[in-house]
$ cat run_35.txt   # compact mmCIF, C-alpha atoms
# COMPACT_ATOMS: atom_id res chain seq x y z
CA MET A 6 76.76 93.63 151.62
CA ILE A 7 78.60 93.60 148.30
CA LYS A 8 78.73 90.46 146.19
CA ILE A 9 80.90 90.10 143.12
CA VAL A 10 79.35 87.42 140.95
CA CYS A 11 81.87 86.36 138.35
CA VAL A 12 82.23 83.73 135.71
CA GLY A 13 85.52 81.87 135.66
CA LYS A 14 88.54 81.79 137.89
CA LEU A 15 91.52 84.09 138.15
CA LYS A 16 94.14 82.01 136.40
CA GLU A 17 97.04 84.42 136.78
CA ARG A 18 98.58 84.58 140.24
CA HIS A 19 99.38 88.30 139.92
CA TYR A 20 95.72 89.09 139.31
CA SER A 21 94.51 86.99 142.24
CA GLU A 22 97.11 88.68 144.47
CA ALA A 23 96.00 92.13 143.30
CA CYS A 24 92.36 91.23 144.08
CA GLY A 25 93.44 89.85 147.46
CA GLU A 26 95.12 93.14 148.30
CA TYR A 27 91.99 95.20 147.55
CA LEU A 28 89.74 92.73 149.37
CA LYS A 29 92.01 93.07 152.42
CA ARG A 30 91.85 96.87 152.26
CA LEU A 31 88.08 96.75 151.78
CA GLY A 32 87.61 94.62 154.88
CA ARG A 33 87.08 97.59 157.17
CA HIS A 34 84.68 99.35 154.79
CA ALA A 35 82.24 96.66 153.71
CA LYS A 36 81.21 93.06 153.82
CA ILE A 37 82.30 91.74 150.48
CA GLU A 38 82.05 88.30 148.95
CA ILE A 39 83.31 86.83 145.68
CA VAL A 40 80.95 84.29 144.08
CA GLU A 41 82.73 82.41 141.30
CA LEU A 42 80.63 80.51 138.78
CA LYS A 43 82.01 77.86 136.49
CA GLU A 44 82.87 79.04 132.99
CA GLN A 45 80.77 77.14 130.43
CA SER A 46 82.01 75.96 127.10
CA ASP A 47 80.38 75.33 123.74
CA LYS A 48 81.53 75.57 120.13
CA ASP A 49 79.05 78.46 119.83
CA VAL A 50 80.20 81.20 122.20
CA ASN A 51 76.64 82.54 122.51
CA VAL A 52 75.38 79.19 123.73
CA ALA A 53 78.15 79.14 126.36
CA LYS A 54 77.21 82.67 127.43
CA ARG A 55 73.54 81.67 127.69
CA LYS A 56 74.48 78.71 129.90
CA GLU A 57 76.44 81.12 132.09
CA ALA A 58 73.43 83.46 132.17
CA PHE A 59 71.39 80.58 133.66
CA LEU A 60 73.96 80.05 136.40
CA ILE A 61 74.01 83.79 137.12
CA ALA A 62 70.19 83.97 137.22
CA GLY A 63 70.22 81.08 139.70
CA LYS A 64 72.54 83.01 142.03
CA LEU A 65 70.64 86.29 141.64
CA ALA A 66 67.30 84.58 142.40
CA GLY A 67 68.18 84.65 146.08
CA MET A 68 69.30 88.29 145.95
CA ARG A 69 66.08 90.14 145.19
CA ASP A 70 66.89 93.14 147.38
CA TYR A 71 70.28 93.65 145.72
CA TYR A 72 71.03 96.49 143.33
CA LYS A 73 72.45 94.67 140.32
CA VAL A 74 75.31 96.18 138.33
CA SER A 75 76.58 94.29 135.27
CA LEU A 76 79.89 95.08 133.64
CA ASP A 77 79.91 95.57 129.88
CA SER A 78 81.98 97.84 127.67
CA ARG A 79 78.78 99.08 125.96
CA GLY A 80 77.38 100.24 129.30
CA ARG A 81 77.52 103.67 130.90
CA GLN A 82 80.76 105.10 132.16
CA LEU A 83 80.97 106.87 135.49
CA SER A 84 83.71 108.89 137.11
CA SER A 85 85.11 107.43 140.34
CA GLU A 86 83.13 110.07 142.25
CA GLU A 87 79.86 109.14 140.52
CA PHE A 88 80.61 105.46 141.05
CA SER A 89 81.07 106.01 144.79
CA GLU A 90 77.39 107.08 144.97
CA ILE A 91 76.34 103.54 143.98
CA LEU A 92 78.22 102.21 147.01
CA LYS A 93 75.71 103.93 149.29
CA LYS A 94 73.13 101.30 148.46
CA PRO A 95 72.81 98.69 151.23
CA ASN A 96 73.15 95.59 149.05
CA ILE A 97 74.89 95.52 145.70
CA ALA A 98 75.73 92.70 143.32
CA PHE A 99 78.34 93.32 140.63
CA ILE A 100 78.27 90.83 137.77
CA ILE A 101 81.38 90.16 135.65
CA GLY A 102 81.25 87.78 132.70
CA GLY A 103 83.88 85.32 131.58
CA PRO A 104 86.42 85.75 128.75
CA ASP A 105 83.62 86.55 126.26
CA GLY A 106 81.49 88.75 128.47
CA LEU A 107 77.86 88.54 129.54
CA ALA A 108 74.79 87.46 127.57
CA GLU A 109 72.24 90.16 126.62
CA GLU A 110 69.65 88.79 129.06
CA VAL A 111 71.95 89.39 132.03
CA LEU A 112 72.38 93.02 130.99
CA LYS A 113 68.62 93.44 130.54
CA GLN A 114 67.90 92.11 134.02
CA SER A 115 70.40 94.46 135.67
CA ASP A 116 69.61 97.76 137.36
CA PHE A 117 72.70 99.34 135.84
CA VAL A 118 75.18 98.38 133.13
CA LEU A 119 78.58 99.82 133.94
CA SER A 120 81.38 100.29 131.45
CA LEU A 121 84.87 100.59 132.94
CA SER A 122 86.38 101.60 129.61
CA LYS A 123 85.67 101.83 125.91
CA MET A 124 88.50 99.34 125.53
CA THR A 125 87.97 95.60 125.80
CA LEU A 126 89.45 94.35 129.06
CA PRO A 127 90.30 90.77 130.00
CA HIS A 128 87.80 89.67 132.66
CA GLN A 129 90.59 89.03 135.16
CA LEU A 130 91.82 92.61 134.85
CA ALA A 131 88.22 93.87 135.03
CA ARG A 132 87.89 92.19 138.43
CA VAL A 133 91.03 93.95 139.73
CA PHE A 134 89.85 97.27 138.25
CA LEU A 135 86.39 96.94 139.84
CA LEU A 136 87.75 96.04 143.29
CA GLU A 137 90.15 98.99 143.10
CA GLN A 138 87.26 101.32 142.26
CA ILE A 139 85.14 99.96 145.11
CA TYR A 140 88.04 100.58 147.48
CA ARG A 141 88.59 104.05 145.96
CA GLY A 142 84.85 104.71 146.16
CA PHE A 143 84.81 104.13 149.92
CA THR A 144 87.79 106.46 150.42
CA ILE A 145 85.93 109.13 148.39
CA MET A 146 82.69 108.59 150.31
CA LYS A 147 84.45 108.76 153.69
CA ASN A 148 86.81 111.50 152.56
CA GLU A 149 89.83 109.39 153.47
CA LYS A 150 93.30 109.48 151.99
CA TYR A 151 93.69 106.94 149.19
CA HIS A 152 96.44 104.45 149.93
CA LYS A 153 98.57 104.69 146.78
CA MET B 15 110.18 100.91 118.85
CA ILE B 16 107.80 101.53 121.73
CA LYS B 17 108.95 103.36 124.84
CA ILE B 18 106.85 103.62 127.98
CA VAL B 19 108.04 106.67 129.86
CA CYS B 20 106.68 106.53 133.38
CA VAL B 21 107.06 108.40 136.61
CA GLY B 22 107.59 106.28 139.69
CA LYS B 23 108.19 102.63 140.32
CA LEU B 24 105.81 99.71 140.52
CA LYS B 25 105.72 99.16 144.26
CA GLU B 26 103.34 96.22 144.31
CA ARG B 27 104.84 92.91 143.24
CA HIS B 28 101.59 91.74 141.62
CA TYR B 29 101.58 94.75 139.33
CA SER B 30 105.22 94.33 138.32
CA GLU B 31 104.57 90.64 137.61
CA ALA B 32 101.51 91.50 135.51
CA CYS B 33 103.60 93.99 133.51
CA GLY B 34 106.36 91.41 133.15
CA GLU B 35 103.90 88.93 131.70
CA TYR B 36 102.69 91.37 129.01
CA LEU B 37 106.23 92.50 128.22
CA LYS B 38 107.16 88.84 127.70
CA ARG B 39 104.18 88.28 125.40
CA LEU B 40 104.98 91.49 123.52
CA GLY B 41 108.56 90.40 122.87
CA ARG B 42 107.74 88.80 119.52
CA HIS B 43 105.62 91.73 118.32
CA ALA B 44 107.67 94.82 119.10
CA LYS B 45 110.77 96.27 120.62
CA ILE B 46 109.55 97.75 123.86
CA GLU B 47 111.37 99.57 126.61
CA ILE B 48 110.23 100.88 130.01
CA VAL B 49 111.87 104.17 131.02
CA GLU B 50 111.22 104.88 134.70
CA LEU B 51 111.75 108.42 135.96
CA LYS B 52 112.09 109.30 139.61
CA GLU B 53 108.91 110.51 141.27
CA GLN B 54 109.38 114.07 142.58
CA SER B 55 108.01 115.39 145.82
CA ASP B 56 106.95 118.79 147.05
CA LYS B 57 104.35 120.05 149.51
CA ASP B 58 102.60 121.54 146.46
CA VAL B 59 101.60 118.65 144.20
CA ASN B 60 101.66 120.92 141.14
CA VAL B 61 105.28 121.85 141.78
CA ALA B 62 106.13 118.14 142.02
CA LYS B 63 104.31 117.48 138.76
CA ARG B 64 106.17 120.35 137.08
CA LYS B 65 109.49 118.89 138.23
CA GLU B 66 108.43 115.57 136.75
CA ALA B 67 107.46 117.36 133.52
CA PHE B 68 111.07 118.61 133.26
CA LEU B 69 112.43 115.08 133.62
CA ILE B 70 109.96 113.84 130.99
CA ALA B 71 110.87 116.67 128.60
CA GLY B 72 114.52 115.74 129.04
CA LYS B 73 113.83 112.17 127.98
CA LEU B 74 111.57 113.17 125.08
CA ALA B 75 114.17 115.62 123.75
CA GLY B 76 116.05 112.69 122.25
CA MET B 77 112.90 111.18 120.76
CA ARG B 78 111.85 113.73 118.16
CA ASP B 79 110.63 111.16 115.64
CA TYR B 80 108.39 109.46 118.22
CA TYR B 81 104.60 109.75 118.21
CA LYS B 82 103.88 110.87 121.77
CA VAL B 83 100.81 109.57 123.60
CA SER B 84 100.15 110.85 127.13
CA LEU B 85 97.72 109.13 129.48
CA ASP B 86 95.15 111.29 131.20
CA SER B 87 91.56 110.55 132.22
CA ARG B 88 90.45 113.80 130.52
CA GLY B 89 91.88 112.63 127.19
CA ARG B 90 90.14 110.85 124.33
CA GLN B 91 88.94 107.30 124.69
CA LEU B 92 89.48 104.75 121.96
CA SER B 93 88.18 101.25 121.45
CA SER B 94 90.83 98.51 121.44
CA GLU B 95 90.44 98.33 117.65
CA GLU B 96 90.97 102.08 117.23
CA PHE B 97 93.93 101.95 119.61
CA SER B 98 95.57 99.21 117.55
CA GLU B 99 95.80 101.70 114.65
CA ILE B 100 98.21 103.83 116.70
CA LEU B 101 100.53 100.83 116.99
CA LYS B 102 101.18 101.00 113.24
CA LYS B 103 103.39 104.05 113.77
CA PRO B 104 107.10 103.14 113.67
CA ASN B 105 108.11 104.84 116.93
CA ILE B 106 105.76 105.55 119.79
CA ALA B 107 106.31 106.94 123.28
CA PHE B 108 103.59 106.44 125.88
CA ILE B 109 103.83 108.73 128.87
CA ILE B 110 102.31 107.77 132.24
CA GLY B 111 102.42 110.14 135.19
CA GLY B 112 103.00 109.31 138.83
CA PRO B 113 100.34 108.99 141.57
CA ASP B 114 99.00 112.48 140.80
CA GLY B 115 99.14 112.31 137.02
CA LEU B 116 100.87 114.50 134.45
CA ALA B 117 101.34 118.28 134.35
CA GLU B 118 99.36 120.26 131.74
CA GLU B 119 102.51 121.06 129.75
CA VAL B 120 103.20 117.37 129.13
CA LEU B 121 99.69 116.90 127.73
CA LYS B 122 100.07 119.99 125.52
CA GLN B 123 103.33 118.71 124.05
CA SER B 124 101.85 115.31 123.19
CA ASP B 125 100.52 114.21 119.81
CA PHE B 126 97.61 112.43 121.48
CA VAL B 127 96.12 112.37 124.98
CA LEU B 128 94.61 108.97 125.65
CA SER B 129 92.07 108.23 128.36
CA LEU B 130 91.81 104.59 129.42
CA SER B 131 88.69 105.25 131.48
CA LYS B 132 86.53 107.99 132.91
CA MET B 133 87.48 106.55 136.29
CA THR B 134 90.66 107.57 138.09
CA LEU B 135 93.14 104.72 137.97
CA PRO B 136 96.23 104.22 140.14
CA HIS B 137 99.27 104.76 137.90
CA GLN B 138 100.51 101.23 138.58
CA LEU B 139 97.27 99.73 137.31
CA ALA B 140 97.33 102.13 134.34
CA ARG B 141 100.69 100.68 133.33
CA VAL B 142 99.31 97.11 133.41
CA PHE B 143 96.20 98.23 131.50
CA LEU B 144 98.27 100.00 128.83
CA LEU B 145 100.62 97.04 128.30
CA GLU B 146 97.63 94.71 128.04
CA GLN B 147 96.10 96.96 125.37
CA ILE B 148 99.36 97.13 123.42
CA TYR B 149 99.52 93.33 123.48
CA ARG B 150 95.83 93.13 122.51
CA GLY B 151 96.39 95.74 119.81
CA PHE B 152 99.05 93.60 118.12
CA THR B 153 96.80 90.54 118.16
CA ILE B 154 94.04 92.65 116.56
CA MET B 155 96.42 94.09 113.95
CA LYS B 156 97.80 90.66 113.06
CA ASN B 157 94.42 88.95 113.40
CA GLU B 158 95.81 86.51 115.95
CA LYS B 159 93.97 84.72 118.73
CA TYR B 160 94.17 86.64 121.99
CA HIS B 161 95.83 84.61 124.71
CA LYS B 162 93.24 84.84 127.52

$ encode --input "run_35.txt" --output "structure tokens"
Amino acid sequence: MIKIVCVGKLKERHYSEACGEYLKRLGRHAKIEIVELKEQSDKDVNVAKRKEAFLIAGKLAGMRDYYKVSLDSRGRQLSSEEFSEILKKPNIAFIIGGPDGLAEEVLKQSDFVLSLSKMTLPHQLARVFLLEQIYRGFTIMKNEKYHK
Amino acid sequence: MIKIVCVGKLKERHYSEACGEYLKRLGRHAKIEIVELKEQSDKDVNVAKRKEAFLIAGKLAGMRDYYKVSLDSRGRQLSSEEFSEILKKPNIAFIIGGPDGLAEEVLKQSDFVLSLSKMTLPHQLARVFLLEQIYRGFTIMKNEKYHK
């Protein structure tokens, strides 16, 4: 089972359609679920991120046997081939922050902090990118042709 | 002037809409033009890539005063802030390959080989990613609020 725990909605239709396409393709490879948490607001962005960290911790509390992968640009980069190794784990939770990313404590409580790029990505695009890599990862693992 | 020289079309509507959105936002920052070259085919992928390299060279021949940036996962990664420095150049050509990337000779003839990620990206998503970073780069350069 793969769960994508994310803060905030996909506001742009093109990004939700892109995610929908990869979720459809992934259907035959894995059970996958998107868990959207409400974006929190505060005049201090760190307070908002800490509130979001509480919501995330609440969700993760029931997922003790999951391998937890947080997305952060300061994390470790993997090639698509290396990334596909992670997908061999039986239960994985990917955690994507909102527009301002994840609080430190979420990163600390993760098994792995993954960086998709040195560049700062909008969280909506990060979700598309991650789903594409999960789909690609399964084609690598199963030695299937990638549907371009 | 910024030209995005790319091999192959955007087949997925969500990706062309995402690009359209960033092109619209970029309108007030820069003159930007997408130059699409026809994807070549051959049973040997390297022959196809070499044919594409000829088409690219043909386009670049008329762009001698352009700073040429090719996209390849083996290139150099930059942070969004570092990338925004490139945008200060008066004329820039970004070159994105087709589904199988760019031939060696294109990379060798470039001023800079940029890697967006260690992961392999589909060329359609790379185009969205690049346009988003160009838009982000201008907001960094001009110290404007990023439209999330």

$ interface_residues --input "run_35.txt" --of "chain B" --to "chain A" --cutoff "10 Å" --atoms "only C-alpha atoms" --output "ChimeraX atom specification"
/B:25-33,35,87,91-97,113-114,129-140,142-143,146-147,150,160-162

$ closest_residue --input "run_35.txt" --among "B:Leu145, B:Gly151, B:Tyr81, B:Asn157" --to "Lys38 in chain B" --atoms "all atoms listed in the file"
B:Leu145

$ calpha_fit_and_write --input "run_35.txt" --fixed "chain B" --moving "chain A" --output "PDB file with C-alpha atoms, in the frame of the given file"
ATOM      1  CA  MET A   6     110.194 100.916 118.854  1.00  0.00           C
ATOM      2  CA  ILE A   7     107.796 101.522 121.733  1.00  0.00           C
ATOM      3  CA  LYS A   8     108.937 103.347 124.848  1.00  0.00           C
ATOM      4  CA  ILE A   9     106.854 103.616 127.986  1.00  0.00           C
ATOM      5  CA  VAL A  10     108.039 106.672 129.869  1.00  0.00           C
ATOM      6  CA  CYS A  11     106.679 106.531 133.386  1.00  0.00           C
ATOM      7  CA  VAL A  12     107.058 108.395 136.610  1.00  0.00           C
ATOM      8  CA  GLY A  13     107.609 106.280 139.694  1.00  0.00           C
ATOM      9  CA  LYS A  14     108.199 102.624 140.315  1.00  0.00           C
ATOM     10  CA  LEU A  15     105.817  99.705 140.526  1.00  0.00           C
ATOM     11  CA  LYS A  16     105.713  99.181 144.263  1.00  0.00           C
ATOM     12  CA  GLU A  17     103.338  96.228 144.297  1.00  0.00           C
ATOM     13  CA  ARG A  18     104.847  92.914 143.244  1.00  0.00           C
ATOM     14  CA  HIS A  19     101.596  91.730 141.628  1.00  0.00           C
ATOM     15  CA  TYR A  20     101.575  94.749 139.331  1.00  0.00           C
ATOM     16  CA  SER A  21     105.218  94.333 138.322  1.00  0.00           C
ATOM     17  CA  GLU A  22     104.557  90.636 137.623  1.00  0.00           C
ATOM     18  CA  ALA A  23     101.508  91.491 135.508  1.00  0.00           C
ATOM     19  CA  CYS A  24     103.595  93.998 133.502  1.00  0.00           C
ATOM     20  CA  GLY A  25     106.358  91.402 133.157  1.00  0.00           C
ATOM     21  CA  GLU A  26     103.891  88.927 131.694  1.00  0.00           C
ATOM     22  CA  TYR A  27     102.676  91.363 129.013  1.00  0.00           C
ATOM     23  CA  LEU A  28     106.220  92.495 128.215  1.00  0.00           C
ATOM     24  CA  LYS A  29     107.162  88.832 127.702  1.00  0.00           C
ATOM     25  CA  ARG A  30     104.191  88.272 125.388  1.00  0.00           C
ATOM     26  CA  LEU A  31     104.974  91.483 123.509  1.00  0.00           C
ATOM     27  CA  GLY A  32     108.548  90.401 122.861  1.00  0.00           C
ATOM     28  CA  ARG A  33     107.747  88.810 119.519  1.00  0.00           C
ATOM     29  CA  HIS A  34     105.619  91.736 118.323  1.00  0.00           C
ATOM     30  CA  ALA A  35     107.680  94.817 119.105  1.00  0.00           C
ATOM     31  CA  LYS A  36     110.775  96.281 120.626  1.00  0.00           C
ATOM     32  CA  ILE A  37     109.549  97.740 123.860  1.00  0.00           C
ATOM     33  CA  GLU A  38     111.358  99.566 126.622  1.00  0.00           C
ATOM     34  CA  ILE A  39     110.245 100.883 130.008  1.00  0.00           C
ATOM     35  CA  VAL A  40     111.865 104.187 131.025  1.00  0.00           C
ATOM     36  CA  GLU A  41     111.220 104.892 134.702  1.00  0.00           C
ATOM     37  CA  LEU A  42     111.743 108.423 135.977  1.00  0.00           C
ATOM     38  CA  LYS A  43     112.080 109.296 139.624  1.00  0.00           C
ATOM     39  CA  GLU A  44     108.899 110.516 141.291  1.00  0.00           C
ATOM     40  CA  GLN A  45     109.399 114.072 142.588  1.00  0.00           C
ATOM     41  CA  SER A  46     108.033 115.381 145.819  1.00  0.00           C
ATOM     42  CA  ASP A  47     106.967 118.800 147.050  1.00  0.00           C
ATOM     43  CA  LYS A  48     104.369 120.057 149.517  1.00  0.00           C
ATOM     44  CA  ASP A  49     102.613 121.551 146.471  1.00  0.00           C
ATOM     45  CA  VAL A  50     101.602 118.667 144.210  1.00  0.00           C
ATOM     46  CA  ASN A  51     101.672 120.939 141.144  1.00  0.00           C
ATOM     47  CA  VAL A  52     105.285 121.855 141.783  1.00  0.00           C
ATOM     48  CA  ALA A  53     106.152 118.142 142.025  1.00  0.00           C
ATOM     49  CA  LYS A  54     104.311 117.491 138.757  1.00  0.00           C
ATOM     50  CA  ARG A  55     106.177 120.357 137.073  1.00  0.00           C
ATOM     51  CA  LYS A  56     109.504 118.902 138.234  1.00  0.00           C
ATOM     52  CA  GLU A  57     108.432 115.574 136.744  1.00  0.00           C
ATOM     53  CA  ALA A  58     107.458 117.357 133.517  1.00  0.00           C
ATOM     54  CA  PHE A  59     111.069 118.612 133.269  1.00  0.00           C
ATOM     55  CA  LEU A  60     112.420 115.085 133.625  1.00  0.00           C
ATOM     56  CA  ILE A  61     109.957 113.842 130.999  1.00  0.00           C
ATOM     57  CA  ALA A  62     110.862 116.679 128.597  1.00  0.00           C
ATOM     58  CA  GLY A  63     114.528 115.745 129.036  1.00  0.00           C
ATOM     59  CA  LYS A  64     113.814 112.154 127.974  1.00  0.00           C
ATOM     60  CA  LEU A  65     111.556 113.176 125.080  1.00  0.00           C
ATOM     61  CA  ALA A  66     114.176 115.632 123.751  1.00  0.00           C
ATOM     62  CA  GLY A  67     116.053 112.710 122.249  1.00  0.00           C
ATOM     63  CA  MET A  68     112.893 111.181 120.766  1.00  0.00           C
ATOM     64  CA  ARG A  69     111.857 113.736 118.165  1.00  0.00           C
ATOM     65  CA  ASP A  70     110.628 111.170 115.643  1.00  0.00           C
ATOM     66  CA  TYR A  71     108.389 109.468 118.212  1.00  0.00           C
ATOM     67  CA  TYR A  72     104.614 109.758 118.212  1.00  0.00           C
ATOM     68  CA  LYS A  73     103.880 110.867 121.765  1.00  0.00           C
ATOM     69  CA  VAL A  74     100.817 109.567 123.593  1.00  0.00           C
ATOM     70  CA  SER A  75     100.147 110.835 127.128  1.00  0.00           C
ATOM     71  CA  LEU A  76      97.731 109.119 129.464  1.00  0.00           C
ATOM     72  CA  ASP A  77      95.145 111.283 131.197  1.00  0.00           C
ATOM     73  CA  SER A  78      91.572 110.568 132.220  1.00  0.00           C
ATOM     74  CA  ARG A  79      90.442 113.808 130.510  1.00  0.00           C
ATOM     75  CA  GLY A  80      91.871 112.620 127.192  1.00  0.00           C
ATOM     76  CA  ARG A  81      90.139 110.838 124.334  1.00  0.00           C
ATOM     77  CA  GLN A  82      88.944 107.292 124.689  1.00  0.00           C
ATOM     78  CA  LEU A  83      89.483 104.747 121.949  1.00  0.00           C
ATOM     79  CA  SER A  84      88.176 101.246 121.460  1.00  0.00           C
ATOM     80  CA  SER A  85      90.830  98.511 121.432  1.00  0.00           C
ATOM     81  CA  GLU A  86      90.433  98.332 117.644  1.00  0.00           C
ATOM     82  CA  GLU A  87      90.976 102.084 117.221  1.00  0.00           C
ATOM     83  CA  PHE A  88      93.919 101.941 119.608  1.00  0.00           C
ATOM     84  CA  SER A  89      95.571  99.207 117.536  1.00  0.00           C
ATOM     85  CA  GLU A  90      95.803 101.705 114.633  1.00  0.00           C
ATOM     86  CA  ILE A  91      98.212 103.838 116.697  1.00  0.00           C
ATOM     87  CA  LEU A  92     100.526 100.830 116.979  1.00  0.00           C
ATOM     88  CA  LYS A  93     101.189 101.022 113.240  1.00  0.00           C
ATOM     89  CA  LYS A  94     103.387 104.047 113.769  1.00  0.00           C
ATOM     90  CA  PRO A  95     107.098 103.148 113.678  1.00  0.00           C
ATOM     91  CA  ASN A  96     108.112 104.846 116.929  1.00  0.00           C
ATOM     92  CA  ILE A  97     105.753 105.555 119.790  1.00  0.00           C
ATOM     93  CA  ALA A  98     106.307 106.932 123.271  1.00  0.00           C
ATOM     94  CA  PHE A  99     103.581 106.431 125.869  1.00  0.00           C
ATOM     95  CA  ILE A 100     103.834 108.731 128.875  1.00  0.00           C
ATOM     96  CA  ILE A 101     102.304 107.765 132.243  1.00  0.00           C
ATOM     97  CA  GLY A 102     102.435 110.142 135.195  1.00  0.00           C
ATOM     98  CA  GLY A 103     102.990 109.306 138.830  1.00  0.00           C
ATOM     99  CA  PRO A 104     100.345 108.983 141.577  1.00  0.00           C
ATOM    100  CA  ASP A 105      98.993 112.480 140.788  1.00  0.00           C
ATOM    101  CA  GLY A 106      99.148 112.324 137.018  1.00  0.00           C
ATOM    102  CA  LEU A 107     100.872 114.507 134.444  1.00  0.00           C
ATOM    103  CA  ALA A 108     101.338 118.282 134.357  1.00  0.00           C
ATOM    104  CA  GLU A 109      99.365 120.262 131.735  1.00  0.00           C
ATOM    105  CA  GLU A 110     102.515 121.053 129.738  1.00  0.00           C
ATOM    106  CA  VAL A 111     103.203 117.362 129.127  1.00  0.00           C
ATOM    107  CA  LEU A 112      99.695 116.918 127.735  1.00  0.00           C
ATOM    108  CA  LYS A 113     100.078 119.993 125.518  1.00  0.00           C
ATOM    109  CA  GLN A 114     103.325 118.708 124.034  1.00  0.00           C
ATOM    110  CA  SER A 115     101.844 115.305 123.188  1.00  0.00           C
ATOM    111  CA  ASP A 116     100.504 114.209 119.815  1.00  0.00           C
ATOM    112  CA  PHE A 117      97.603 112.433 121.483  1.00  0.00           C
ATOM    113  CA  VAL A 118      96.112 112.369 124.975  1.00  0.00           C
ATOM    114  CA  LEU A 119      94.604 108.970 125.659  1.00  0.00           C
ATOM    115  CA  SER A 120      92.062 108.233 128.352  1.00  0.00           C
ATOM    116  CA  LEU A 121      91.805 104.587 129.415  1.00  0.00           C
ATOM    117  CA  SER A 122      88.688 105.239 131.475  1.00  0.00           C
ATOM    118  CA  LYS A 123      86.525 107.982 132.906  1.00  0.00           C
ATOM    119  CA  MET A 124      87.485 106.549 136.280  1.00  0.00           C
ATOM    120  CA  THR A 125      90.652 107.560 138.094  1.00  0.00           C
ATOM    121  CA  LEU A 126      93.142 104.703 137.969  1.00  0.00           C
ATOM    122  CA  PRO A 127      96.223 104.214 140.134  1.00  0.00           C
ATOM    123  CA  HIS A 128      99.272 104.747 137.908  1.00  0.00           C
ATOM    124  CA  GLN A 129     100.510 101.219 138.589  1.00  0.00           C
ATOM    125  CA  LEU A 130      97.262  99.728 137.304  1.00  0.00           C
ATOM    126  CA  ALA A 131      97.328 102.125 134.333  1.00  0.00           C
ATOM    127  CA  ARG A 132     100.697 100.662 133.333  1.00  0.00           C
ATOM    128  CA  VAL A 133      99.298  97.100 133.408  1.00  0.00           C
ATOM    129  CA  PHE A 134      96.185  98.223 131.497  1.00  0.00           C
ATOM    130  CA  LEU A 135      98.262  99.984 128.815  1.00  0.00           C
ATOM    131  CA  LEU A 136     100.626  97.032 128.306  1.00  0.00           C
ATOM    132  CA  GLU A 137      97.630  94.698 128.024  1.00  0.00           C
ATOM    133  CA  GLN A 138      96.094  96.949 125.368  1.00  0.00           C
ATOM    134  CA  ILE A 139      99.356  97.128 123.420  1.00  0.00           C
ATOM    135  CA  TYR A 140      99.522  93.336 123.471  1.00  0.00           C
ATOM    136  CA  ARG A 141      95.824  93.123 122.504  1.00  0.00           C
ATOM    137  CA  GLY A 142      96.398  95.739 119.804  1.00  0.00           C
ATOM    138  CA  PHE A 143      99.059  93.609 118.114  1.00  0.00           C
ATOM    139  CA  THR A 144      96.794  90.538 118.178  1.00  0.00           C
ATOM    140  CA  ILE A 145      94.033  92.650 116.558  1.00  0.00           C
ATOM    141  CA  MET A 146      96.409  94.085 113.956  1.00  0.00           C
ATOM    142  CA  LYS A 147      97.807  90.648 113.069  1.00  0.00           C
ATOM    143  CA  ASN A 148      94.431  88.959 113.396  1.00  0.00           C
ATOM    144  CA  GLU A 149      95.807  86.520 115.958  1.00  0.00           C
ATOM    145  CA  LYS A 150      93.976  84.734 118.732  1.00  0.00           C
ATOM    146  CA  TYR A 151      94.184  86.653 122.005  1.00  0.00           C
ATOM    147  CA  HIS A 152      95.821  84.603 124.730  1.00  0.00           C
ATOM    148  CA  LYS A 153      93.241  84.828 127.525  1.00  0.00           C
TER     149      LYS A 153
END

$ residues_near_point --input "run_35.txt" --point "(77.8, 101.1, 131.2)" --cutoff "6 Å" --atoms "only C-alpha atoms" --output "ChimeraX atom specification"
/A:79-82,118-120

$ residues_around --input "run_35.txt" --residues "Tyr149 in chain B" --least-positions-apart "6" --cutoff "9 Å" --atoms "only C-alpha atoms" --output "list in words"
Tyr36, Leu37, Arg39, Leu40, His43 and Tyr160 of chain B

$ closest_residue --input "run_35.txt" --among "A:Lys73, A:Gly32, A:Val12, A:Leu135" --to "Glu57 in chain A" --atoms "all atoms listed in the file"
A:Val12

$ atom_distance --input "run_35.txt" --atom1 "CA of Ala108 in chain A" --atom2 "CA of Asp70 in chain A"
22.1 Å

$ residues_near_point --input "run_35.txt" --point "(107.7, 104.6, 121.1)" --cutoff "6 Å" --atoms "all atoms listed in the file" --output "PyMOL selection string"
chain B and resi 15-17+80+105-107

$ write_last_selection --input "run_35.txt" --atoms "C-alpha atoms" --output "JSON list (two decimals), keeping the file's coordinate frame"
[["chain", "number", "residue", "atom", "x", "y", "z"],
["B", 15, "MET", "CA", 110.18, 100.91, 118.85],
["B", 16, "ILE", "CA", 107.80, 101.53, 121.73],
["B", 17, "LYS", "CA", 108.95, 103.36, 124.84],
["B", 80, "TYR", "CA", 108.39, 109.46, 118.22],
["B", 105, "ASN", "CA", 108.11, 104.84, 116.93],
["B", 106, "ILE", "CA", 105.76, 105.55, 119.79],
["B", 107, "ALA", "CA", 106.31, 106.94, 123.28]]

$ residues_around --input "run_35.txt" --residues "Phe143 in chain A" --least-positions-apart "3" --cutoff "8 Å" --atoms "only C-alpha atoms" --output "MDAnalysis selection string"
chainID A and resid 34 89 92 139:140 146:147

$ residues_around --input "run_35.txt" --residues "Lys54 in chain A" --least-positions-apart "6" --cutoff "9 Å" --atoms "only C-alpha atoms" --output "PyMOL selection string"
chain A and resi 44-47+102-103+105-108

$ atom_distance --input "run_35.txt" --atom1 "CA of Val83 in chain B" --atom2 "CA of Asp125 in chain B"
6.0 Å
